[in-house]
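**Student:** My structure file target_7.csv, CSV, C-alpha atoms, is below:
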```csv
chain,number,residue,atom,x,y,z
A,1,MET,CA,-96.7,-72.5,68.5
A,2,LYS,CA,-97.6,-74.8,71.3
A,3,TYR,CA,-99.5,-73.2,74.3
A,4,THR,CA,-100.6,-74.6,77.6
A,5,PHE,CA,-103.5,-73.1,79.4
A,6,GLN,CA,-105.0,-73.7,82.8
A,7,VAL,CA,-108.8,-73.4,82.2
A,8,GLN,CA,-111.4,-73.2,84.9
A,9,GLY,CA,-115.1,-74.1,84.6
A,10,MET,CA,-115.0,-77.1,82.4
A,11,THR,CA,-117.1,-79.8,84.1
A,12,CYS,CA,-118.0,-82.3,81.5
A,13,GLY,CA,-117.5,-83.7,78.0
A,14,HIS,CA,-119.8,-81.0,76.6
A,15,CYS,CA,-117.5,-78.3,78.0
A,16,GLU,CA,-114.5,-80.1,76.6
A,17,ARG,CA,-116.1,-80.1,73.2
A,18,ALA,CA,-117.1,-76.4,73.5
A,19,VAL,CA,-113.6,-75.4,74.3
A,20,VAL,CA,-112.2,-77.4,71.4
A,21,HIS,CA,-114.7,-75.9,69.0
A,22,ALA,CA,-114.1,-72.4,70.2
A,23,VAL,CA,-110.4,-72.7,69.5
A,24,ARG,CA,-111.1,-74.2,66.1
A,25,GLU,CA,-113.2,-71.2,65.3
A,26,VAL,CA,-110.2,-69.0,65.4
A,27,ASP,CA,-107.9,-71.7,63.9
A,28,ALA,CA,-109.6,-74.5,62.0
A,29,ASP,CA,-106.3,-76.4,61.9
A,30,ALA,CA,-105.5,-76.1,65.6
A,31,ILE,CA,-104.6,-79.3,67.5
A,32,VAL,CA,-106.4,-79.1,70.9
A,33,GLN,CA,-105.9,-81.5,73.8
A,34,VAL,CA,-108.1,-81.1,76.9
A,35,ASP,CA,-107.5,-82.9,80.2
A,36,LEU,CA,-110.8,-82.4,81.9
A,37,PRO,CA,-109.8,-83.5,85.5
A,38,THR,CA,-107.0,-81.0,85.7
A,39,GLY,CA,-108.4,-78.3,83.3
A,40,GLN,CA,-105.2,-78.3,81.3
A,41,VAL,CA,-105.6,-77.3,77.7
A,42,VAL,CA,-102.7,-77.7,75.2
A,43,VAL,CA,-103.1,-76.0,71.8
A,44,GLU,CA,-100.9,-76.1,68.8
A,45,SER,CA,-101.8,-73.2,66.6
A,46,ASP,CA,-100.4,-70.6,64.2
A,47,LYS,CA,-102.5,-68.0,66.0
A,48,SER,CA,-101.3,-66.0,68.9
A,49,ARG,CA,-101.6,-67.2,72.5
A,50,ASP,CA,-103.9,-64.3,73.2
A,51,ALA,CA,-106.2,-65.1,70.3
A,52,VAL,CA,-106.5,-68.7,71.5
A,53,ALA,CA,-107.1,-67.6,75.1
A,54,ASN,CA,-109.7,-65.1,74.0
A,55,ALA,CA,-111.6,-67.8,72.2
A,56,ILE,CA,-111.7,-69.9,75.4
A,57,THR,CA,-112.7,-66.9,77.5
A,58,GLU,CA,-115.5,-65.9,75.1
A,59,GLU,CA,-116.9,-69.4,75.3
A,60,GLY,CA,-117.5,-68.8,79.0
A,61,TYR,CA,-114.5,-70.3,80.7
A,62,THR,CA,-111.7,-68.7,82.7
A,63,VAL,CA,-108.1,-68.9,81.6
A,64,ALA,CA,-106.2,-68.8,84.8
A,65,ALA,CA,-102.8,-69.2,83.3
B,1,MET,CA,-149.0,-85.8,83.1
B,2,LYS,CA,-146.4,-84.1,85.4
B,3,TYR,CA,-143.4,-86.1,86.4
B,4,THR,CA,-140.5,-85.3,88.8
B,5,PHE,CA,-137.2,-87.0,88.3
B,6,GLN,CA,-134.0,-86.9,90.3
B,7,VAL,CA,-131.2,-86.9,87.7
B,8,GLN,CA,-127.5,-87.4,88.4
B,9,GLY,CA,-124.6,-86.3,86.3
B,10,MET,CA,-125.8,-82.9,85.1
B,11,THR,CA,-122.9,-80.5,85.8
B,12,CYS,CA,-123.4,-77.5,83.6
B,13,GLY,CA,-125.7,-75.6,81.3
B,14,HIS,CA,-124.7,-77.8,78.4
B,15,CYS,CA,-126.0,-80.8,80.4
B,16,GLU,CA,-129.2,-79.0,81.2
B,17,ARG,CA,-129.8,-78.3,77.5
B,18,ALA,CA,-128.9,-81.8,76.6
B,19,VAL,CA,-131.6,-83.2,79.0
B,20,VAL,CA,-134.2,-80.8,77.7
B,21,HIS,CA,-133.5,-81.6,74.1
B,22,ALA,CA,-133.5,-85.4,74.8
B,23,VAL,CA,-137.0,-85.1,76.4
B,24,ARG,CA,-138.2,-83.0,73.5
B,25,GLU,CA,-137.1,-85.6,71.1
B,26,VAL,CA,-139.7,-88.0,72.5
B,27,ASP,CA,-142.2,-85.2,73.0
B,28,ALA,CA,-141.7,-82.0,71.1
B,29,ASP,CA,-144.4,-80.3,73.2
B,30,ALA,CA,-143.0,-81.3,76.6
B,31,ILE,CA,-142.5,-78.6,79.2
B,32,VAL,CA,-139.2,-79.3,80.9
B,33,GLN,CA,-137.8,-77.5,83.9
B,34,VAL,CA,-134.3,-78.4,85.2
B,35,ASP,CA,-132.8,-77.3,88.5
B,36,LEU,CA,-129.2,-77.8,88.0
B,37,PRO,CA,-127.9,-77.5,91.6
B,38,THR,CA,-130.3,-80.1,92.9
B,39,GLY,CA,-130.7,-82.3,89.7
B,40,GLN,CA,-134.4,-82.1,89.9
B,41,VAL,CA,-136.1,-82.3,86.5
B,42,VAL,CA,-139.8,-81.7,86.2
B,43,VAL,CA,-141.5,-82.7,82.9
B,44,GLU,CA,-145.0,-82.2,81.7
B,45,SER,CA,-145.7,-84.5,78.9
B,46,ASP,CA,-148.4,-86.8,77.3
B,47,LYS,CA,-145.8,-89.5,77.0
B,48,SER,CA,-145.3,-92.1,79.8
B,49,ARG,CA,-142.9,-91.5,82.7
B,50,ASP,CA,-140.8,-94.4,81.5
B,51,ALA,CA,-140.5,-92.9,78.0
B,52,VAL,CA,-139.3,-89.7,79.4
B,53,ALA,CA,-136.9,-91.4,81.9
B,54,ASN,CA,-135.5,-93.5,79.0
B,55,ALA,CA,-134.8,-90.4,77.0
B,56,ILE,CA,-132.8,-88.9,79.9
B,57,THR,CA,-130.9,-92.1,80.5
B,58,GLU,CA,-130.0,-92.6,76.8
B,59,GLU,CA,-128.5,-89.1,76.9
B,60,GLY,CA,-126.0,-90.4,79.4
B,61,TYR,CA,-127.5,-89.3,82.7
B,62,THR,CA,-128.8,-91.4,85.6
B,63,VAL,CA,-132.4,-91.2,86.7
B,64,ALA,CA,-132.2,-92.0,90.4
B,65,ALA,CA,-135.8,-91.5,91.2
```
Is it possible to express this structure as structure tokens?
**Tutor:**
Amino acid sequence: MKYTFQVQGMTCGHCERAVVHAVREVDADAIVQVDLPTGQVVVESDKSRDAVANAITEEGYTVAA
Amino acid sequence: MKYTFQVQGMTCGHCERAVVHAVREVDADAIVQVDLPTGQVVVESDKSRDAVANAITEEGYTVAA
């Protein structure tokens, strides 16, 4: 499945990597694309949307949509 | 010696840790205090001011003063 999230709180390349790694912890094969200026995160994963969103939230970022 | 730097480009806790770790790579015993909102970095180290500044710069941040 392909999910699009609006993520708040990512400010730099470290944050981008932290989000990518957090998603890959719940799905090592996930394809994750982060657009830092807009906060848009696109994830292709076999896991549920909630599972992916939770991974991002637990990393300390806010999933606004 | 105690040095105060004005560092530009630190946006989050990851950046703060990156700067601390970069300084500790040139001086494992350095005392490093970062104030993220102002960008002020205070370092106590036996190394030269230039050596500490270079470590911060090489990590990708700008030492403005």
**Student:** Which polymer residues have any atom within 9 Å of an atom of Asp29 in chain B, counting all atoms listed in the file, with same-chain residues fewer than 2 positions away left out, as a list in words?
**Tutor:** Arg24, Asp27, Ile31, Glu44, Ser45 and Asp46 of chain B
**Student:** Looking at A:Ala22, A:Ala64, A:Val32, A:Val42, which one is nearest to Gln8 in chain A, with distances taken over all atoms listed in the file?
**Tutor:**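 Closest residue, counting all atoms listed in the file: A:Ala64.
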**Student:** With range 10-17 of chain B as the partner and 9 Å as the cut-off, tabulate the residues of chain A that qualify, each row holding the nearest pair of atoms and their distance in Å to one decimal, using all atoms listed in the file, sorted by chain and rising number, as CSV.
**Tutor:**
```
residue,atom,partner,partner_atom,distance
A:Met10,CA,B:Cys12,CA,8.5
A:Thr11,CA,B:Thr11,CA,6.1
A:Cys12,CA,B:Thr11,CA,6.8
A:His14,CA,B:His14,CA,6.1
A:Cys15,CA,B:His14,CA,7.2
```
**Student:** Counting all atoms listed in the file, select every polymer residue within 12 Å of (-107.8, -76.4, 85.2) as defined in the file's coordinates, and provide the selection as a short mmCIF file (atom, residue, chain, number, x, y, z; two decimals) with C-alpha atoms, in the coordinates of the input.
**Tutor:**
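Saved file selection-v5.cif follows:
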```cif
data_model
loop_
_atom_site.label_atom_id
_atom_site.label_comp_id
_atom_site.auth_asym_id
_atom_site.auth_seq_id
_atom_site.Cartn_x
_atom_site.Cartn_y
_atom_site.Cartn_z
CA THR A 4 -100.60 -74.60 77.60
CA PHE A 5 -103.50 -73.10 79.40
CA GLN A 6 -105.00 -73.70 82.80
CA VAL A 7 -108.80 -73.40 82.20
CA GLN A 8 -111.40 -73.20 84.90
CA GLY A 9 -115.10 -74.10 84.60
CA MET A 10 -115.00 -77.10 82.40
CA THR A 11 -117.10 -79.80 84.10
CA GLU A 16 -114.50 -80.10 76.60
CA VAL A 34 -108.10 -81.10 76.90
CA ASP A 35 -107.50 -82.90 80.20
CA LEU A 36 -110.80 -82.40 81.90
CA PRO A 37 -109.80 -83.50 85.50
CA THR A 38 -107.00 -81.00 85.70
CA GLY A 39 -108.40 -78.30 83.30
CA GLN A 40 -105.20 -78.30 81.30
CA VAL A 41 -105.60 -77.30 77.70
CA VAL A 42 -102.70 -77.70 75.20
CA TYR A 61 -114.50 -70.30 80.70
CA THR A 62 -111.70 -68.70 82.70
CA VAL A 63 -108.10 -68.90 81.60
CA ALA A 64 -106.20 -68.80 84.80
CA ALA A 65 -102.80 -69.20 83.30
#
```
**Student:** Can you find the residues with an atom no farther than 7 Å from (-108.7, -69.7, 65.9), counting all atoms listed in the file, and report them as a PyMOL selection string?
**Tutor:** chain A and resi 23-28+47+51-52
**Student:** Quick one: distance from CA of Ala18 in chain B to CA of Glu58 in chain B in Å, one decimal?
**Tutor:**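 Atom-to-atom, CA of Ala18 in chain B and CA of Glu58 in chain B are spaced 10.9 Å apart.
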**Student:** Point out the residue among B:Val43, B:Asn54, B:Arg49, B:Lys2 with the least atom-to-atom distance to Val20 in chain B, counting only C-alpha atoms.
**Tutor:** B:Val43
**Student:** Tell me, in Å to one decimal, how far CA of Glu59 in chain B is from CA of His21 in chain A.
**Tutor:**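 CA of Glu59 in chain B sits 20.7 Å away from CA of His21 in chain A.
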**Student:** CA of Ala53 in chain B and CA of Gly60 in chain A, how far apart in Å?
**Tutor:**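 Rounded to one decimal, the two atoms are 29.9 Å apart.
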